[in-house]
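Heads up, work_3.pdb below (PDB, C-alpha atoms, pLDDT in the B column):
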ATOM      1  CA  MET A   1      34.690  61.793  -1.564  1.00 50.00           C
ATOM      2  CA  LYS A   2      31.846  62.761  -3.936  1.00 51.00           C
ATOM      3  CA  ILE A   3      29.275  61.346  -1.506  1.00 52.00           C
ATOM      4  CA  ILE A   4      30.568  63.522   1.324  1.00 54.00           C
ATOM      5  CA  THR A   5      30.607  66.601  -0.898  1.00 64.00           C
ATOM      6  CA  LEU A   6      27.098  65.945  -2.195  1.00 61.00           C
ATOM      7  CA  GLY A   7      25.858  65.297   1.335  1.00 61.00           C
ATOM      8  CA  GLY A   8      27.511  68.490   2.545  1.00 63.00           C
ATOM      9  CA  LEU A   9      25.880  70.498  -0.243  1.00 61.00           C
ATOM     10  CA  LEU A  10      22.471  69.055   0.532  1.00 63.00           C
ATOM     11  CA  MET A  11      22.876  69.838   4.221  1.00 66.00           C
ATOM     12  CA  ALA A  12      24.009  73.382   3.474  1.00 65.00           C
ATOM     13  CA  ALA A  13      21.045  73.898   1.151  1.00 63.00           C
ATOM     14  CA  ALA A  14      18.650  72.642   3.823  1.00 60.00           C
ATOM     15  CA  LEU A  15      20.144  74.979   6.422  1.00 59.00           C
ATOM     16  CA  LEU A  16      19.960  77.968   4.104  1.00 58.00           C
ATOM     17  CA  ALA A  17      16.354  77.191   3.171  1.00 55.00           C
ATOM     18  CA  GLY A  18      15.476  77.249   6.864  1.00 56.00           C
ATOM     19  CA  CYS A  19      16.959  80.726   7.129  1.00 59.00           C
ATOM     20  CA  ALA A  20      14.707  82.235   4.462  1.00 53.00           C
ATOM     21  CA  PRO A  21      13.292  85.517   5.737  1.00 63.00           C
ATOM     22  CA  LYS A  22       9.621  85.805   6.619  1.00 71.00           C
ATOM     23  CA  THR A  23       7.856  88.154   4.241  1.00 80.00           C
ATOM     24  CA  LEU A  24       6.714  91.450   5.657  1.00 89.00           C
ATOM     25  CA  TYR A  25       3.196  91.190   4.249  1.00 94.00           C
ATOM     26  CA  TYR A  26       0.716  88.465   3.494  1.00 94.00           C
ATOM     27  CA  TRP A  27       0.173  88.488  -0.274  1.00 94.00           C
ATOM     28  CA  GLY A  28      -2.120  85.491  -0.737  1.00 92.00           C
ATOM     29  CA  ASP A  29      -4.022  85.758  -4.026  1.00 90.00           C
ATOM     30  CA  TYR A  30      -3.725  89.556  -4.229  1.00 92.00           C
ATOM     31  CA  GLN A  31      -1.417  89.710  -7.241  1.00 92.00           C
ATOM     32  CA  GLN A  32      -3.598  87.319  -9.232  1.00 90.00           C
ATOM     33  CA  GLN A  33      -6.682  89.375  -8.360  1.00 89.00           C
ATOM     34  CA  ILE A  34      -4.995  92.560  -9.595  1.00 90.00           C
ATOM     35  CA  TYR A  35      -4.251  90.812 -12.875  1.00 91.00           C
ATOM     36  CA  SER A  36      -7.837  89.552 -13.085  1.00 87.00           C
ATOM     37  CA  TYR A  37      -9.186  93.053 -12.396  1.00 88.00           C
ATOM     38  CA  TYR A  38      -7.821  94.247 -15.727  1.00 89.00           C
ATOM     39  CA  GLN A  39      -9.194  91.322 -17.736  1.00 88.00           C
ATOM     40  CA  LYS A  40     -12.391  91.857 -19.722  1.00 82.00           C
ATOM     41  CA  ASP A  41     -14.120  88.823 -18.257  1.00 82.00           C
ATOM     42  CA  SER A  42     -13.317  89.572 -14.615  1.00 86.00           C
ATOM     43  CA  ASP A  43     -15.994  88.996 -11.984  1.00 92.00           C
ATOM     44  CA  PRO A  44     -15.803  91.711  -9.289  1.00 93.00           C
ATOM     45  CA  GLN A  45     -17.797  89.669  -6.773  1.00 95.00           C
ATOM     46  CA  LYS A  46     -15.407  86.705  -7.030  1.00 94.00           C
ATOM     47  CA  GLN A  47     -12.472  89.076  -6.606  1.00 95.00           C
ATOM     48  CA  ILE A  48     -14.092  90.626  -3.527  1.00 96.00           C
ATOM     49  CA  GLU A  49     -14.558  87.170  -2.029  1.00 96.00           C
ATOM     50  CA  ALA A  50     -10.961  86.153  -2.809  1.00 95.00           C
ATOM     51  CA  LEU A  51      -9.474  89.324  -1.319  1.00 97.00           C
ATOM     52  CA  ASN A  52     -11.652  89.132   1.797  1.00 97.00           C
ATOM     53  CA  LEU A  53     -10.435  85.550   2.212  1.00 97.00           C
ATOM     54  CA  ASP A  54      -6.853  86.828   1.989  1.00 97.00           C
ATOM     55  CA  VAL A  55      -7.607  89.350   4.751  1.00 97.00           C
ATOM     56  CA  GLU A  56      -8.921  86.518   6.947  1.00 97.00           C
ATOM     57  CA  LYS A  57      -5.913  84.309   6.198  1.00 96.00           C
ATOM     58  CA  ALA A  58      -3.523  87.164   7.027  1.00 96.00           C
ATOM     59  CA  ARG A  59      -5.248  87.653  10.381  1.00 95.00           C
ATOM     60  CA  ALA A  60      -5.039  83.913  11.057  1.00 96.00           C
ATOM     61  CA  VAL A  61      -1.245  83.967  10.680  1.00 94.00           C
ATOM     62  CA  ASN A  62      -0.908  87.372  12.381  1.00 95.00           C
ATOM     63  CA  GLN A  63       0.478  89.164   9.320  1.00 95.00           C
ATOM     64  CA  SER A  64      -0.403  92.447   7.668  1.00 94.00           C
ATOM     65  CA  VAL A  65      -1.984  92.361   4.248  1.00 95.00           C
ATOM     66  CA  ALA A  66      -0.030  93.670   1.289  1.00 96.00           C
ATOM     67  CA  PRO A  67      -0.100  97.392   0.529  1.00 96.00           C
ATOM     68  CA  GLY A  68      -2.926  98.205  -1.835  1.00 96.00           C
ATOM     69  CA  LEU A  69      -5.149  95.241  -0.976  1.00 97.00           C
ATOM     70  CA  HIS A  70      -7.702  97.309   0.916  1.00 97.00           C
ATOM     71  CA  ALA A  71      -7.622  99.948  -1.833  1.00 96.00           C
ATOM     72  CA  GLN A  72      -8.285  97.259  -4.429  1.00 95.00           C
ATOM     73  CA  LEU A  73     -11.183  95.972  -2.359  1.00 96.00           C
ATOM     74  CA  GLY A  74     -12.494  99.535  -2.216  1.00 95.00           C
ATOM     75  CA  LEU A  75     -12.338  99.846  -5.992  1.00 93.00           C
ATOM     76  CA  LEU A  76     -14.186  96.551  -6.372  1.00 95.00           C
ATOM     77  CA  TYR A  77     -16.855  97.611  -3.884  1.00 95.00           C
ATOM     78  CA  ALA A  78     -17.261 100.918  -5.732  1.00 93.00           C
ATOM     79  CA  LYS A  79     -17.543  99.047  -9.024  1.00 91.00           C
ATOM     80  CA  THR A  80     -20.367  96.935  -7.576  1.00 94.00           C
ATOM     81  CA  GLY A  81     -22.211  99.947  -6.131  1.00 93.00           C
ATOM     82  CA  HIS A  82     -21.263  99.518  -2.454  1.00 95.00           C
ATOM     83  CA  THR A  83     -19.925 103.022  -1.855  1.00 93.00           C
ATOM     84  CA  ASN A  84     -19.954 102.821   1.965  1.00 94.00           C
ATOM     85  CA  LYS A  85     -17.904  99.615   1.915  1.00 96.00           C
ATOM     86  CA  ALA A  86     -15.575 101.184  -0.650  1.00 95.00           C
ATOM     87  CA  PHE A  87     -14.977 104.217   1.563  1.00 96.00           C
ATOM     88  CA  GLY A  88     -14.365 101.936   4.539  1.00 96.00           C
ATOM     89  CA  ARG A  89     -11.653 100.071   2.652  1.00 97.00           C
ATOM     90  CA  PHE A  90     -10.094 103.313   1.404  1.00 96.00           C
ATOM     91  CA  ALA A  91      -9.978 104.579   4.999  1.00 96.00           C
ATOM     92  CA  THR A  92      -8.379 101.306   6.161  1.00 97.00           C
ATOM     93  CA  GLU A  93      -5.738 101.561   3.428  1.00 97.00           C
ATOM     94  CA  LYS A  94      -5.039 105.157   4.422  1.00 96.00           C
ATOM     95  CA  GLN A  95      -4.710 104.195   8.090  1.00 96.00           C
ATOM     96  CA  LEU A  96      -2.390 101.238   7.451  1.00 96.00           C
ATOM     97  CA  PHE A  97      -0.323 102.992   4.782  1.00 97.00           C
ATOM     98  CA  PRO A  98      -0.346 106.784   5.359  1.00 96.00           C
ATOM     99  CA  GLU A  99       1.652 107.347   2.182  1.00 97.00           C
ATOM    100  CA  ALA A 100      -1.461 106.190   0.291  1.00 95.00           C
ATOM    101  CA  GLY A 101      -3.485 109.033   1.850  1.00 95.00           C
ATOM    102  CA  PRO A 102      -3.444 111.414  -1.107  1.00 95.00           C
ATOM    103  CA  TYR A 103      -4.508 108.696  -3.523  1.00 94.00           C
ATOM    104  CA  MET A 104      -7.217 107.415  -1.192  1.00 94.00           C
ATOM    105  CA  GLY A 105      -8.467 110.998  -0.833  1.00 92.00           C
ATOM    106  CA  PHE A 106      -8.556 111.303  -4.606  1.00 93.00           C
ATOM    107  CA  LEU A 107     -10.510 108.056  -4.944  1.00 90.00           C
ATOM    108  CA  MET A 108     -12.999 109.141  -2.296  1.00 89.00           C
ATOM    109  CA  SER A 109     -13.494 112.581  -3.849  1.00 89.00           C
ATOM    110  CA  ASN A 110     -13.762 111.023  -7.306  1.00 80.00           C
ATOM    111  CA  LYS A 111     -16.540 108.684  -6.139  1.00 70.00           C
ATOM    112  CA  GLN A 112     -18.580 111.246  -4.183  1.00 59.00           C
ATOM    113  CA  GLY A 113     -17.303 114.642  -5.282  1.00 45.00           C
ATOM    114  CA  VAL A 114     -16.105 115.319  -1.732  1.00 41.00           C
ATOM    115  CA  THR A 115     -12.551 115.933  -0.548  1.00 38.00           C
ATOM    116  CA  ARG A 116     -11.596 113.974   2.555  1.00 39.00           C
TER     117      ARG A 116
END
Here is a file; write its structure as structure tokens.
Amino acid sequence: MKIITLGGLLMAAALLAGCAPKTLYYWGDYQQQIYSYYQKDSDPQKQIEALNLDVEKARAVNQSVAPGLHAQLGLLYAKTGHTNKAFGRFATEKQLFPEAGPYMGFLMSNKQGVTR
């Protein structure tokens, strides 16, 4: 009787695991990169590379990147002196997530003294 019950539980667990919902966004290494961003010994160029890799991986599996990823890339580009790339990422974030528009506008005006 215990064998049947244990087998039934294992089968039920396997079925339920197969029903796990697909996440809405591709997160990749984004959360770790956010954490790293606030560490004193963080390397912006390595973070840029990691987040760009996440963007490529998301495209490969046909998923959207997590909210804020393009904004984070923009901040990293701005930190490394690539203002045009930063503005491009801010614009992408604003397009994908319109609710981020006011903050992206603030970041753009803060970097160039221009309101967009």
| query | Between A:Asp43, A:Glu93, A:Glu49, A:Asp54, which has the minimum distance to A:Trp27 (counting only C-alpha atoms)? | reply |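 Nearest candidate to A:Trp27 out of A:Asp43, A:Glu93, A:Glu49, A:Asp54: A:Asp54.
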| said: Evaluated on this file, the PyMOL selection byres ((chain A and resi 97) around 12) picks out some residues - which ones are they, written as a VMD selection string? | reply: chain A and resid 64 to 71 89 to 96 98 to 104
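Reported to one decimal place, the separation of atom CA of A:Lys79 from atom CA of A:Gln39 is 14.3 Å.
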| remark: Restricting to only C-alpha atoms, whichever of A:Asn62, A:Gln47, A:Asn84, A:Ser36 is closest to A:Met108 is A:Asn84
| task | Counting all atoms listed in the file, figure out which residue out of A:Ala60, A:Lys111, A:Thr80, A:Leu51 gets nearest to A:Ile34. | result |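 Between A:Ala60, A:Lys111, A:Thr80, A:Leu51, the residue approaching A:Ile34 most closely is A:Leu51.
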Stretch 75-96 of chain A rebuilt with N, CA and C atoms, output as a compact mmCIF listing (two decimals), keeping the file's coordinate frame:
# COMPACT_ATOMS: atom_id res chain seq x y z
N LEU A 75 -12.00 99.65 -4.58
CA LEU A 75 -12.34 99.85 -5.99
C LEU A 75 -13.38 98.83 -6.46
N LEU A 76 -13.22 97.59 -6.00
CA LEU A 76 -14.19 96.55 -6.37
C LEU A 76 -15.56 96.83 -5.77
N TYR A 77 -15.57 97.26 -4.51
CA TYR A 77 -16.86 97.61 -3.88
C TYR A 77 -17.50 98.78 -4.62
N ALA A 78 -16.71 99.78 -5.00
CA ALA A 78 -17.26 100.92 -5.73
C ALA A 78 -17.82 100.47 -7.08
N LYS A 79 -17.11 99.56 -7.72
CA LYS A 79 -17.54 99.05 -9.02
C LYS A 79 -18.88 98.30 -8.92
N THR A 80 -19.13 97.69 -7.76
CA THR A 80 -20.37 96.94 -7.58
C THR A 80 -21.45 97.76 -6.88
N GLY A 81 -21.20 99.06 -6.68
CA GLY A 81 -22.21 99.95 -6.13
C GLY A 81 -22.28 100.02 -4.61
N HIS A 82 -21.30 99.49 -3.92
CA HIS A 82 -21.26 99.52 -2.45
C HIS A 82 -20.32 100.63 -1.99
N THR A 83 -20.76 101.86 -2.13
CA THR A 83 -19.92 103.02 -1.86
C THR A 83 -19.47 103.08 -0.40
N ASN A 84 -20.35 102.78 0.55
CA ASN A 84 -19.95 102.82 1.96
C ASN A 84 -18.84 101.82 2.27
N LYS A 85 -18.95 100.61 1.71
CA LYS A 85 -17.90 99.62 1.92
C LYS A 85 -16.62 100.07 1.23
N ALA A 86 -16.75 100.69 0.07
CA ALA A 86 -15.58 101.18 -0.65
C ALA A 86 -14.84 102.22 0.20
N PHE A 87 -15.59 103.19 0.74
CA PHE A 87 -14.98 104.22 1.56
C PHE A 87 -14.33 103.63 2.81
N GLY A 88 -14.95 102.60 3.37
CA GLY A 88 -14.36 101.94 4.54
C GLY A 88 -13.02 101.32 4.21
N ARG A 89 -12.93 100.68 3.06
CA ARG A 89 -11.65 100.07 2.65
C ARG A 89 -10.61 101.13 2.32
N PHE A 90 -11.04 102.23 1.69
CA PHE A 90 -10.09 103.31 1.40
C PHE A 90 -9.54 103.89 2.71
N ALA A 91 -10.41 104.05 3.70
CA ALA A 91 -9.98 104.58 5.00
C ALA A 91 -9.02 103.61 5.68
N THR A 92 -9.28 102.31 5.57
CA THR A 92 -8.38 101.31 6.16
C THR A 92 -7.03 101.36 5.48
N GLU A 93 -7.01 101.47 4.17
CA GLU A 93 -5.74 101.56 3.43
C GLU A 93 -4.95 102.79 3.87
N LYS A 94 -5.66 103.90 4.01
CA LYS A 94 -5.04 105.16 4.42
C LYS A 94 -4.46 105.05 5.83
N GLN A 95 -5.18 104.36 6.71
CA GLN A 95 -4.71 104.20 8.09
C GLN A 95 -3.48 103.29 8.15
N LEU A 96 -3.50 102.19 7.42
CA LEU A 96 -2.39 101.24 7.45
C LEU A 96 -1.16 101.74 6.70
